[in-house]
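Enquirer: Enclosed is the structure file entry-v4.cif (mmCIF, C-alpha atoms and all ligand atoms).
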data_protein
loop_
_atom_site.label_atom_id
_atom_site.label_comp_id
_atom_site.auth_asym_id
_atom_site.auth_seq_id
_atom_site.Cartn_x
_atom_site.Cartn_y
_atom_site.Cartn_z
CA HIS A 79 39.06 2.93 -52.96
CA HIS A 80 36.98 3.37 -56.07
CA SER A 81 35.01 6.29 -54.58
CA GLY A 82 38.24 7.77 -53.27
CA ASP A 83 39.75 7.68 -56.75
CA LEU A 84 36.66 9.36 -58.19
CA LEU A 85 36.85 12.08 -55.56
CA ILE A 86 40.52 12.73 -56.32
CA LEU A 87 39.67 13.01 -60.01
CA SER A 88 36.94 15.56 -59.29
CA VAL A 89 39.27 17.55 -57.04
CA ALA A 90 41.92 17.56 -59.76
CA SER A 91 39.52 18.78 -62.41
CA ARG A 92 38.13 21.54 -60.19
CA LEU A 93 41.65 22.73 -59.43
CA ASN A 94 42.66 22.44 -63.05
CA SER A 95 39.81 24.63 -64.20
CA LEU A 96 41.21 27.46 -62.05
CA VAL A 97 44.90 26.98 -62.70
CA HIS A 98 46.60 29.57 -64.93
CA PRO A 99 47.97 28.12 -68.22
CA SER A 100 51.54 29.01 -67.27
CA ASP A 101 51.34 27.03 -64.00
CA LEU A 102 51.78 23.36 -63.39
CA LEU A 103 49.42 21.22 -61.32
CA GLY A 104 50.37 17.71 -60.31
CA ARG A 105 49.51 15.06 -57.77
CA LEU A 106 52.28 14.21 -55.31
CA GLY A 107 50.55 11.06 -54.16
CA GLY A 108 47.67 10.03 -51.89
CA ASP A 109 45.57 13.11 -51.29
CA GLU A 110 48.34 15.64 -51.89
CA PHE A 111 48.64 17.95 -54.85
CA ALA A 112 51.34 20.41 -55.79
CA LEU A 113 50.97 23.56 -57.83
CA VAL A 114 54.01 25.29 -59.32
CA ILE A 115 53.08 28.93 -59.83
CA GLN A 116 55.27 30.35 -62.59
CA GLN A 117 53.61 33.75 -62.93
CA ASN A 118 55.30 36.60 -61.13
CA LEU A 119 52.81 37.21 -58.31
CA SER A 120 53.03 39.24 -55.12
CA GLU A 121 52.20 37.55 -51.79
CA GLU A 122 48.69 39.07 -51.84
CA GLU A 123 48.06 37.91 -55.39
CA THR A 124 49.31 34.43 -54.53
CA LEU A 125 47.01 34.34 -51.52
CA ALA A 126 44.02 35.44 -53.60
CA TYR A 127 44.84 32.75 -56.18
CA VAL A 128 45.07 30.02 -53.55
CA GLU A 129 41.90 31.27 -51.87
CA ARG A 130 40.04 30.75 -55.16
CA LEU A 131 41.32 27.17 -55.25
CA ARG A 132 40.32 26.60 -51.66
CA ASN A 133 36.84 28.05 -52.14
CA SER A 134 36.22 25.83 -55.15
CA LEU A 135 36.98 22.75 -53.04
CA GLU A 136 34.60 23.80 -50.29
CA LYS A 137 31.57 23.24 -52.50
CA VAL A 138 29.95 19.84 -52.20
CA PHE A 139 31.25 16.96 -54.35
CA LEU A 140 28.96 14.37 -55.79
CA VAL A 141 30.59 10.95 -55.87
CA GLU A 142 28.50 7.94 -56.87
CA GLU A 143 25.36 9.72 -55.74
CA SER A 144 26.82 10.65 -52.34
CA GLU A 145 27.34 14.23 -51.36
CA ILE A 146 30.80 14.74 -49.95
CA LEU A 147 32.27 17.74 -48.17
CA ILE A 148 36.02 18.00 -47.87
CA ARG A 149 38.55 20.41 -46.46
CA ALA A 150 41.91 21.15 -47.94
CA SER A 151 45.00 22.71 -46.38
CA PHE A 152 47.48 24.73 -48.40
CA GLY A 153 51.15 25.40 -47.69
CA ILE A 154 53.05 27.91 -49.79
CA SER A 155 56.81 28.28 -50.27
CA ILE A 156 58.43 30.98 -52.38
CA PHE A 157 61.43 30.75 -54.71
CA PRO A 158 64.17 31.76 -54.01
CA LYS A 159 63.38 33.06 -50.51
CA ASP A 160 62.51 29.65 -49.01
CA GLY A 161 64.77 27.49 -51.15
CA THR A 162 66.24 27.09 -54.59
CA SER A 163 65.91 23.35 -55.08
CA ARG A 164 62.75 21.40 -55.83
CA VAL A 165 63.31 19.31 -52.68
CA ASP A 166 63.66 22.34 -50.40
CA LEU A 167 60.66 24.12 -51.86
CA ILE A 168 58.42 21.08 -51.46
CA ARG A 169 59.68 20.47 -47.93
CA CYS A 170 58.94 24.07 -46.93
CA ALA A 171 55.51 23.98 -48.54
CA ASP A 172 54.83 20.73 -46.73
CA THR A 173 55.84 22.24 -43.39
CA ALA A 174 53.57 25.22 -44.03
CA MET A 175 50.73 22.87 -45.01
CA TYR A 176 50.98 21.03 -41.68
CA LYS A 177 50.90 24.37 -39.92
CA ALA A 178 47.78 25.29 -41.90
CA LYS A 179 46.19 22.01 -40.87
CA GLU A 180 47.10 22.49 -37.23
CA THR A 181 45.90 26.04 -36.82
CA GLY A 182 42.83 25.21 -38.87
CA LYS A 183 42.01 28.86 -39.53
CA ASN A 184 41.56 29.48 -43.23
CA GLY A 185 43.58 26.46 -44.31
CA ILE A 186 46.27 28.52 -46.06
CA CYS A 187 49.73 29.19 -44.71
CA PHE A 188 52.92 30.70 -46.10
CA PHE A 189 56.18 29.10 -45.01
CA ARG A 190 58.00 31.11 -42.35
CA GLU A 191 61.53 30.57 -41.09
CA GLU A 192 60.27 30.04 -37.50
CA MET A 193 58.28 27.00 -38.61
CA GLN A 194 61.46 25.14 -39.38
CA SER A 195 62.95 25.94 -36.00
CA GLU A 196 59.64 25.01 -34.36
CA ILE A 197 59.77 21.62 -36.03
CA LEU A 198 63.41 21.13 -35.06
CA ARG A 199 62.54 22.11 -31.49
CA LYS A 200 59.78 19.53 -31.44
CA ILE A 201 62.09 16.82 -32.78
CA ASP A 202 64.63 17.74 -30.09
CA PHE A 203 61.90 17.64 -27.43
CA GLU A 204 60.83 14.19 -28.61
CA LYS A 205 64.41 12.88 -28.49
CA LYS A 206 64.83 14.26 -24.98
CA LEU A 207 61.58 12.64 -23.84
CA ILE A 208 62.70 9.25 -25.10
CA SER A 209 66.05 9.52 -23.35
CA ALA A 210 64.31 10.86 -20.23
CA PHE A 211 62.40 7.59 -20.06
CA LYS A 212 65.57 5.55 -20.53
CA ASN A 213 67.63 7.66 -18.10
CA GLU A 214 64.98 7.62 -15.37
CA GLU A 215 64.53 11.39 -15.29
CA PHE A 216 60.85 11.01 -14.42
CA PHE A 217 59.68 10.73 -10.84
CA LEU A 218 56.43 10.90 -8.92
CA VAL A 219 55.29 13.30 -6.24
CA PHE A 220 52.37 12.60 -3.92
CA GLN A 221 49.80 15.20 -2.97
CA PRO A 222 47.79 14.40 0.16
CA GLN A 223 43.99 14.50 0.23
CA PHE A 224 42.04 14.85 3.45
CA VAL A 225 38.58 13.92 4.70
CA ILE A 226 37.05 17.27 5.68
CA SER A 227 34.89 16.09 8.57
CA SER A 228 37.64 14.22 10.44
CA GLY A 229 40.78 15.87 9.09
CA LYS A 230 42.14 12.38 8.42
CA LEU A 231 44.29 11.48 5.45
CA ARG A 232 42.14 10.16 2.60
CA GLY A 233 45.13 9.24 0.48
CA PHE A 234 47.45 10.71 -2.14
CA GLU A 235 47.27 11.67 -5.78
CA ALA A 236 50.40 10.62 -7.70
CA LEU A 237 51.65 13.34 -10.06
CA ILE A 238 54.47 12.99 -12.54
CA ARG A 239 57.52 15.27 -12.68
CA TRP A 240 60.36 15.47 -15.15
CA GLN A 241 63.75 16.65 -13.98
CA SER A 242 65.37 17.46 -17.31
CA PRO A 243 69.16 17.91 -17.36
CA ASP A 244 68.69 20.66 -19.98
CA TRP A 245 65.58 22.48 -18.84
CA GLY A 246 65.27 21.70 -15.15
CA MET A 247 61.89 20.80 -13.65
CA MET A 248 59.19 20.45 -16.29
CA SER A 249 55.46 20.58 -15.66
CA PRO A 250 53.36 17.63 -16.87
CA LEU A 251 51.10 20.15 -18.60
CA LYS A 252 54.05 20.89 -20.90
CA PHE A 253 55.25 17.40 -21.71
CA MET A 254 52.32 15.02 -21.22
CA PRO A 255 50.51 16.15 -24.40
CA LEU A 256 53.62 15.33 -26.43
CA VAL A 257 54.12 12.05 -24.57
CA GLU A 258 50.60 11.14 -25.67
CA GLU A 259 51.11 12.29 -29.22
CA MET A 260 54.25 10.17 -29.47
CA GLY A 261 52.51 7.06 -28.18
CA LEU A 262 54.90 6.98 -25.23
CA ILE A 263 52.02 7.23 -22.78
CA VAL A 264 51.34 3.49 -22.73
CA PRO A 265 54.79 2.44 -21.44
CA LEU A 266 55.17 5.59 -19.33
CA GLY A 267 51.66 5.15 -17.93
CA GLU A 268 52.48 1.61 -16.89
CA TRP A 269 55.62 2.84 -15.16
CA ILE A 270 53.59 5.56 -13.37
CA LEU A 271 50.99 3.09 -12.17
CA ARG A 272 53.54 0.54 -10.97
CA THR A 273 55.73 3.13 -9.24
CA ALA A 274 52.74 4.85 -7.61
CA CYS A 275 51.39 1.54 -6.28
CA GLN A 276 54.79 0.33 -5.06
CA LYS A 277 55.64 3.55 -3.27
CA PHE A 278 52.20 3.89 -1.80
CA LYS A 279 52.22 0.33 -0.50
CA HIS A 280 55.57 0.95 1.10
CA MET A 281 54.33 4.20 2.69
CA VAL A 282 51.18 2.79 4.23
CA ASP A 283 52.91 -0.34 5.50
CA HIS A 284 55.80 1.61 6.94
CA HIS A 285 53.57 4.16 8.69
CA GLN A 286 50.76 1.78 9.50
CA ILE A 287 48.09 3.81 7.75
CA GLU A 288 44.82 2.06 7.12
CA ASP A 289 42.13 2.68 4.51
CA ALA A 290 44.14 5.17 2.48
CA ILE A 291 43.80 5.46 -1.28
CA ILE A 292 46.30 6.10 -4.07
CA SER A 293 44.90 8.05 -7.04
CA VAL A 294 46.58 7.76 -10.41
CA ASN A 295 45.81 9.82 -13.53
CA ILE A 296 45.13 7.74 -16.61
CA SER A 297 44.94 9.11 -20.14
CA VAL A 298 42.62 8.03 -22.93
CA ALA A 299 45.29 6.19 -24.93
CA GLN A 300 46.00 4.00 -21.91
CA LEU A 301 42.37 2.98 -21.55
CA GLU A 302 42.35 2.14 -25.25
CA ALA A 303 45.44 -0.09 -25.06
CA PRO A 304 44.36 -3.73 -25.44
CA ASP A 305 45.75 -5.09 -22.18
CA PHE A 306 44.94 -2.25 -19.84
CA VAL A 307 42.72 -4.13 -17.37
CA PRO A 308 44.97 -7.22 -17.00
CA MET A 309 47.97 -4.88 -16.70
CA VAL A 310 46.35 -2.99 -13.80
CA SER A 311 45.32 -6.14 -12.04
CA HIS A 312 48.79 -7.60 -12.48
CA ILE A 313 50.37 -4.50 -10.91
CA LEU A 314 48.01 -4.71 -7.94
CA GLN A 315 49.02 -8.33 -7.39
CA GLU A 316 52.69 -7.58 -7.83
CA CYS A 317 52.52 -4.83 -5.20
CA GLY A 318 50.21 -6.68 -2.83
CA LEU A 319 47.76 -3.80 -2.94
CA LYS A 320 44.02 -4.25 -2.50
CA ALA A 321 41.95 -3.10 -5.48
CA ASN A 322 39.86 -0.74 -3.36
CA CYS A 323 43.02 1.18 -2.40
CA LEU A 324 43.53 2.22 -6.01
CA GLU A 325 41.59 5.06 -7.60
CA ILE A 326 41.91 5.73 -11.29
CA GLU A 327 41.38 9.34 -12.40
CA ILE A 328 40.00 9.93 -15.83
CA THR A 329 38.77 13.09 -17.52
CA GLU A 330 35.68 13.40 -19.66
CA SER A 331 37.91 13.37 -22.76
CA VAL A 332 37.73 9.55 -22.56
CA LEU A 333 34.08 9.82 -23.45
CA ILE A 334 34.58 12.14 -26.33
CA LYS A 335 36.98 9.75 -28.00
CA SER A 336 35.47 6.33 -27.57
CA PHE A 337 32.39 6.34 -25.45
CA GLU A 338 31.26 2.69 -25.56
CA HIS A 339 34.73 1.28 -25.20
CA ALA A 340 35.67 3.56 -22.32
CA ILE A 341 32.58 2.65 -20.35
CA GLN A 342 33.21 -1.03 -20.88
CA ILE A 343 36.79 -0.75 -19.59
CA LEU A 344 35.71 1.34 -16.61
CA LYS A 345 33.10 -1.26 -15.72
CA GLN A 346 35.74 -3.99 -15.84
CA LEU A 347 37.98 -1.97 -13.52
CA LYS A 348 35.10 -1.38 -11.18
CA ALA A 349 34.28 -5.09 -11.17
CA LEU A 350 37.81 -5.67 -9.85
CA GLY A 351 37.02 -3.29 -6.99
CA ILE A 352 39.07 -0.35 -8.27
CA LEU A 353 37.64 3.12 -7.65
CA ILE A 354 36.99 5.50 -10.53
CA ALA A 355 37.24 9.28 -10.23
CA LEU A 356 36.17 11.85 -12.78
CA ASP A 357 38.85 14.56 -12.75
CA ASP A 358 38.67 18.27 -13.57
CA PHE A 359 34.89 18.55 -13.36
CA GLY A 360 34.02 22.11 -14.29
CA THR A 361 36.55 22.58 -17.07
CA GLY A 362 35.05 20.80 -20.07
CA TYR A 363 31.42 20.12 -20.88
CA SER A 364 30.80 19.04 -17.28
CA SER A 365 27.68 17.35 -18.42
CA LEU A 366 25.40 15.85 -15.81
CA ARG A 367 24.70 13.15 -18.35
CA TYR A 368 28.32 11.97 -18.00
CA LEU A 369 27.77 11.58 -14.30
CA GLN A 370 24.81 9.36 -15.00
CA LEU A 371 26.51 7.25 -17.64
CA LEU A 372 29.92 6.80 -16.09
CA PRO A 373 30.45 4.21 -13.37
CA ILE A 374 32.22 6.67 -11.07
CA ASP A 375 32.78 6.66 -7.31
CA THR A 376 34.35 10.08 -6.98
CA LEU A 377 33.96 13.46 -8.62
CA LYS A 378 36.87 15.88 -8.49
CA ILE A 379 35.67 19.45 -8.64
CA ASP A 380 38.19 21.49 -10.57
CA LYS A 381 40.18 24.32 -9.06
CA SER A 382 38.42 26.85 -11.29
CA PHE A 383 35.14 26.14 -9.44
CA VAL A 384 36.87 26.19 -6.07
CA ASP A 385 38.44 29.57 -6.93
CA ASN A 386 34.96 30.97 -7.46
CA ILE A 387 34.22 30.50 -3.78
CA ASP A 388 36.47 33.47 -3.01
CA ASN A 389 34.94 35.62 -5.71
CA PRO A 390 32.15 37.86 -4.35
CA ASP A 391 30.65 38.26 -7.84
CA GLU A 392 30.21 34.55 -8.43
CA ASN A 393 27.44 32.46 -7.09
CA LYS A 394 29.14 29.97 -4.80
CA GLN A 395 25.90 28.12 -4.29
CA ILE A 396 26.69 26.40 -7.59
CA VAL A 397 29.58 24.55 -5.96
CA GLY A 398 27.38 23.60 -3.02
CA SER A 399 24.60 22.44 -5.32
CA ILE A 400 26.92 20.27 -7.37
CA ILE A 401 28.22 18.67 -4.18
CA SER A 402 24.77 17.77 -2.88
CA LEU A 403 23.46 16.66 -6.26
CA VAL A 404 26.42 14.38 -6.85
CA GLN A 405 26.29 12.94 -3.35
CA ARG A 406 22.63 12.12 -3.87
CA ILE A 407 23.58 9.74 -6.68
CA GLY A 408 26.11 8.04 -4.42
CA VAL A 409 29.25 9.75 -5.66
CA SER A 410 31.72 11.30 -3.22
CA VAL A 411 33.45 14.60 -3.89
CA VAL A 412 37.04 15.79 -3.77
CA ALA A 413 37.52 19.55 -4.12
CA GLU A 414 40.79 20.28 -5.93
CA GLY A 415 43.14 23.23 -5.62
CA VAL A 416 41.96 24.45 -2.22
CA GLU A 417 44.21 27.35 -1.31
CA SER A 418 42.36 29.43 1.29
CA GLU A 419 40.63 29.01 4.63
CA THR A 420 37.52 30.67 3.19
CA GLN A 421 37.31 27.98 0.54
CA LEU A 422 37.83 25.25 3.11
CA ASP A 423 35.17 26.71 5.42
CA TYR A 424 32.68 26.97 2.62
CA LEU A 425 33.39 23.40 1.41
CA ARG A 426 32.96 22.14 4.98
CA SER A 427 29.63 23.91 5.31
CA ALA A 428 28.56 22.47 1.95
CA HIS A 429 29.38 18.95 3.28
CA CYS A 430 32.06 18.31 0.68
CA ASP A 431 33.68 14.94 1.47
CA ASN A 432 37.36 15.50 0.73
CA VAL A 433 39.85 18.23 -0.08
CA GLN A 434 43.15 18.50 -1.87
CA GLY A 435 45.17 21.67 -2.32
CA PHE A 436 48.16 23.75 -1.39
CA LEU A 437 46.43 24.96 1.80
CA LEU A 438 46.65 21.43 3.21
CA GLY A 439 49.58 19.98 1.35
CA HIS A 440 51.71 20.42 -1.75
CA PRO A 441 52.76 17.48 -3.92
CA LEU A 442 55.59 15.83 -1.96
CA ASN A 443 58.76 14.07 -3.11
CA ASP A 444 60.10 10.98 -1.31
CA ILE A 445 61.91 12.95 1.37
CA GLU A 446 58.99 15.29 1.94
CA VAL A 447 56.63 12.33 2.26
CA GLU A 448 58.74 11.09 5.19
CA ALA A 449 58.59 14.54 6.80
CA PHE A 450 54.84 14.58 6.26
CA PHE A 451 54.36 11.29 8.09
CA ALA A 452 56.63 12.38 10.90
CA GLN A 453 54.16 15.20 11.56
CA TYR A 454 50.95 13.45 10.69
CA SER A 455 49.33 11.17 13.20
CA GLY A 456 46.09 9.59 12.07
P1 LIG B 1 45.28 17.05 -12.23
O1 LIG B 1 45.20 15.57 -12.30
O2 LIG B 1 44.00 17.80 -12.14
O3 LIG B 1 46.21 17.36 -10.99
C1 LIG B 1 46.05 18.44 -10.15
C2 LIG B 1 47.03 19.54 -10.47
O4 LIG B 1 46.75 20.68 -9.68
C3 LIG B 1 48.48 19.17 -10.17
O5 LIG B 1 49.28 19.86 -11.13
C4 LIG B 1 48.68 19.78 -8.78
O6 LIG B 1 50.04 20.04 -8.48
C5 LIG B 1 47.89 21.05 -8.93
N1 LIG B 1 47.42 21.55 -7.64
C6 LIG B 1 47.01 20.85 -6.57
N2 LIG B 1 46.60 21.65 -5.58
C7 LIG B 1 46.75 22.93 -6.02
C8 LIG B 1 46.50 24.23 -5.46
O7 LIG B 1 46.06 24.38 -4.32
N3 LIG B 1 46.78 25.30 -6.25
C9 LIG B 1 47.27 25.18 -7.51
N4 LIG B 1 47.53 26.27 -8.20
N5 LIG B 1 47.51 23.97 -8.08
C10 LIG B 1 47.26 22.87 -7.35
P2 LIG B 1 50.42 19.15 -11.93
O8 LIG B 1 51.15 18.16 -11.07
O9 LIG B 1 51.21 20.21 -12.62
O10 LIG B 1 49.65 18.29 -13.01
C11 LIG B 1 48.89 18.88 -14.02
C12 LIG B 1 48.10 17.87 -14.78
O11 LIG B 1 48.95 17.00 -15.53
C13 LIG B 1 47.27 16.97 -13.90
O12 LIG B 1 46.08 17.62 -13.52
C14 LIG B 1 47.06 15.80 -14.83
O13 LIG B 1 46.02 16.07 -15.73
C15 LIG B 1 48.36 15.73 -15.60
N6 LIG B 1 49.20 14.72 -14.96
C16 LIG B 1 50.02 14.83 -13.88
N7 LIG B 1 50.59 13.66 -13.58
C17 LIG B 1 50.11 12.76 -14.47
C18 LIG B 1 50.30 11.35 -14.68
O14 LIG B 1 51.02 10.66 -13.93
N8 LIG B 1 49.63 10.76 -15.72
C19 LIG B 1 48.80 11.48 -16.53
N9 LIG B 1 48.17 10.82 -17.52
N10 LIG B 1 48.59 12.78 -16.36
C20 LIG B 1 49.23 13.43 -15.35
MG MG B 2 44.17 14.26 -11.33
MG MG B 3 42.17 17.84 -11.71
#
In structure tokens, how does this file's structure come out?
Ligand code: C2E
Ligand code: MG
Ligand code: MG
Expert:
Amino acid sequence: HHSGDLLILSVASRLNSLVHPSDLLGRLGGDEFALVIQQNLSEEETLAYVERLRNSLEKVFLVEESEILIRASFGISIFPKDGTSRVDLIRCADTAMYKAKETGKNGICFFREEMQSEILRKIDFEKKLISAFKNEEFFLVFQPQFVISSGKLRGFEALIRWQSPDWGMMSPLKFMPLVEEMGLIVPLGEWILRTACQKFKHMVDHHQIEDAIISVNISVAQLEAPDFVPMVSHILQECGLKANCLEIEITESVLIKSFEHAIQILKQLKALGILIALDDFGTGYSSLRYLQLLPIDTLKIDKSFVDNIDNPDENKQIVGSIISLVQRIGVSVVAEGVESETQLDYLRSAHCDNVQGFLLGHPLNDIEVEAFFAQYSG
């Protein structure tokens, strides 16, 4: 706290040395300052003024013999365009400041009318997500995966869908990031896992399918929740599902956030007999080091790699090489997003273990799952 106070003092005095005598600098609280510019400046002049302030803060601070680098974000509102009361002007400047922080470009942002509507839209979205959870507007679809060599069903990946009364069917790519940001992912994730396991158990029992796997996507925040492992094991018990029928899909983002912790949790899951898959390989860093460090059973090669198979300019041997390299360290491979026969033929010739994609099966709702089994015979 003491060093923090000293830093704030230094920031204030640097700002003060650049502030025009007719203007008023104050501290709003915490690490937030406000500057009331009372000169009559154009937008460009205001920007230049604020840029000088920003630049002065980018130079290193010396606090109790430590060198400290900080970054500041600036939001600007203009009287009377953006508001005529103190409250409105500060609120608009605050909104613009968050925008500056978010976009992270030069750290300076003027308030714009759209920002307000954007914020209102987000609040509305959040409200709708909460009621979606209460009103059971979420449901799961199941996309089949197949063993290439035998053509047999390997299992299903559970994927979430949101049927919104206002917007219709929403893609998880649109709403899952916000679900995570809101901290709703822990309860929703538990619901997903339980529902996926229950439905899967019912499916395999009803259709007498043996050795199939249910794959469930898990996000970082879920792994970080204190009771994740006991929660998973409780759900398995509740559903009467064997641990080796459940595969948990993670992405490498778990490692970026909390490496040690993530590995520890994954090892505990593995000790229970649960399978671990690394999803979307080929989109992020795709480091081979991750493959070594993570206790994974399965690697899911991302659609972007699979798409390359059809591209005459790309070297498809890369996909083949990844498959054989990964298999050599005892990890099996699922190729994702397989859409063409050419891709399937290539993957077969490269001895890829399993495939998933629209060519072989779309994600299926409850009714479609029944139709699928009516056709499928192990
Ligand atoms: P993912 O886990 O990599 O899932 C595969 C996505 O690719 C799914 O999109 C699937 O519908 C789509 N896909 C499968 N085969 C094909 C194909 O042949 N062509 C094309 N174009 N697409 C194909 P979806 O369902 O929209 O999900 C997107 C992402 O949202 C998922 O990527 C996953 O990261 C996340 N997600 C979905 N459901 C859940 C969930 O229950 N929990 C969490 N945490 N994330 C989820
Ligand atoms: Mg997945
Ligand atoms: Mg994927």
Enquirer: Mind listing whatever residues come within 8 Å of the point (31.9, 19.6, -6.4)? Use all atoms listed in the file, file coordinates, and give them as a compact mmCIF listing (two decimals) with C-alpha atoms, in the frame of the given file.
Expert:
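Ended up saving to out_33.txt:
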# COMPACT_ATOMS: atom_id res chain seq x y z
CA PHE A 359 34.89 18.55 -13.36
CA LEU A 377 33.96 13.46 -8.62
CA LYS A 378 36.87 15.88 -8.49
CA ILE A 379 35.67 19.45 -8.64
CA ASP A 380 38.19 21.49 -10.57
CA PHE A 383 35.14 26.14 -9.44
CA VAL A 397 29.58 24.55 -5.96
CA GLY A 398 27.38 23.60 -3.02
CA SER A 399 24.60 22.44 -5.32
CA ILE A 400 26.92 20.27 -7.37
CA ILE A 401 28.22 18.67 -4.18
CA VAL A 404 26.42 14.38 -6.85
CA VAL A 411 33.45 14.60 -3.89
CA VAL A 412 37.04 15.79 -3.77
CA ALA A 413 37.52 19.55 -4.12
CA CYS A 430 32.06 18.31 0.68
Enquirer: Just checking: using only C-alpha atoms and all ligand atoms, which residue out of A:Glu143, A:Glu302, A:Glu235, A:Glu446 ends up closest to ligand MG 3 (chain B)?
Expert: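 So, comparing all the options, the nearest one is A:Glu235.
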Enquirer: Neighbours of ligand LIG 1 (chain B) within 6 Å, counting only C-alpha atoms and all ligand atoms, as a PyMOL selection string?
Expert: chain A and resi 237-238+249-251+270+295-297+358+414-417+434-436+441
Enquirer: What does the file look like for those residues with C-alpha atoms, as an mmCIF file, in the frame of the given file?
Expert:
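Contents of the output file again.cif:
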data_model
loop_
_atom_site.group_PDB
_atom_site.id
_atom_site.type_symbol
_atom_site.label_atom_id
_atom_site.label_comp_id
_atom_site.auth_asym_id
_atom_site.auth_seq_id
_atom_site.Cartn_x
_atom_site.Cartn_y
_atom_site.Cartn_z
ATOM 1 C CA LEU A 237 51.650 13.340 -10.060
ATOM 2 C CA ILE A 238 54.470 12.990 -12.540
ATOM 3 C CA SER A 249 55.460 20.580 -15.660
ATOM 4 C CA PRO A 250 53.360 17.630 -16.870
ATOM 5 C CA LEU A 251 51.100 20.150 -18.600
ATOM 6 C CA ILE A 270 53.590 5.560 -13.370
ATOM 7 C CA ASN A 295 45.810 9.820 -13.530
ATOM 8 C CA ILE A 296 45.130 7.740 -16.610
ATOM 9 C CA SER A 297 44.940 9.110 -20.140
ATOM 10 C CA ASP A 358 38.670 18.270 -13.570
ATOM 11 C CA GLU A 414 40.790 20.280 -5.930
ATOM 12 C CA GLY A 415 43.140 23.230 -5.620
ATOM 13 C CA VAL A 416 41.960 24.450 -2.220
ATOM 14 C CA GLU A 417 44.210 27.350 -1.310
ATOM 15 C CA GLN A 434 43.150 18.500 -1.870
ATOM 16 C CA GLY A 435 45.170 21.670 -2.320
ATOM 17 C CA PHE A 436 48.160 23.750 -1.390
ATOM 18 C CA PRO A 441 52.760 17.480 -3.920
#
Enquirer: Could you name the residues that touch Leu344 of chain A at 12 Å or less, counting only C-alpha atoms, but leaving out those on the same chain fewer than 5 positions away, as a short mmCIF file (atom, residue, chain, number, x, y, z; two decimals) with C-alpha atoms, in the frame of the given file?
Expert:
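To be explicit, this is the file written out as result-v2.cif:
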data_model
loop_
_atom_site.label_atom_id
_atom_site.label_comp_id
_atom_site.auth_asym_id
_atom_site.auth_seq_id
_atom_site.Cartn_x
_atom_site.Cartn_y
_atom_site.Cartn_z
CA ILE A 296 45.13 7.74 -16.61
CA VAL A 298 42.62 8.03 -22.93
CA GLN A 300 46.00 4.00 -21.91
CA LEU A 301 42.37 2.98 -21.55
CA GLU A 302 42.35 2.14 -25.25
CA PHE A 306 44.94 -2.25 -19.84
CA VAL A 307 42.72 -4.13 -17.37
CA VAL A 310 46.35 -2.99 -13.80
CA GLU A 325 41.59 5.06 -7.60
CA ILE A 326 41.91 5.73 -11.29
CA GLU A 327 41.38 9.34 -12.40
CA ILE A 328 40.00 9.93 -15.83
CA VAL A 332 37.73 9.55 -22.56
CA LEU A 333 34.08 9.82 -23.45
CA PHE A 337 32.39 6.34 -25.45
CA GLU A 338 31.26 2.69 -25.56
CA HIS A 339 34.73 1.28 -25.20
CA ALA A 349 34.28 -5.09 -11.17
CA LEU A 350 37.81 -5.67 -9.85
CA GLY A 351 37.02 -3.29 -6.99
CA ILE A 352 39.07 -0.35 -8.27
CA LEU A 353 37.64 3.12 -7.65
CA ILE A 354 36.99 5.50 -10.53
CA ALA A 355 37.24 9.28 -10.23
CA LEU A 356 36.17 11.85 -12.78
CA LEU A 371 26.51 7.25 -17.64
CA LEU A 372 29.92 6.80 -16.09
CA PRO A 373 30.45 4.21 -13.37
CA ILE A 374 32.22 6.67 -11.07
CA ASP A 375 32.78 6.66 -7.31
#
Enquirer: In terms of the shortest atom-to-atom distance over only C-alpha atoms and all ligand atoms, which of A:Thr329, A:Asn133, A:Ser227, A:Ser120 is closest to ligand MG 2 (chain B)?
Expert: A:Thr329
Enquirer: Between atom CA of Leu93 of chain A and atom CA of Thr181 of chain A, what is the distance in Å, rounded to a tenth?
Expert: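 Separation between atom CA of Leu93 of chain A and atom CA of Thr181 of chain A: 23.2 Å.
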Enquirer: When you look at Asp172 of chain A with a cut-off of 9 Å (counting all atoms listed in the file), what residues show up, excluding the ones that are within fewer than 2 positions of it in the same chain? I need them as a list in words.
Expert: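 That gives Phe152, Gly153, Ile154, Ser155, Leu167, Ile168, Arg169, Cys170, Ala174, Met175, Tyr176, Lys177 and Phe189 of chain A.
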Enquirer: With all atoms listed in the file as the atoms that count, which of A:Val165, A:Tyr127, A:Ala178, A:Ser382 lies nearest to Arg149 of chain A?
Expert: A:Ala178
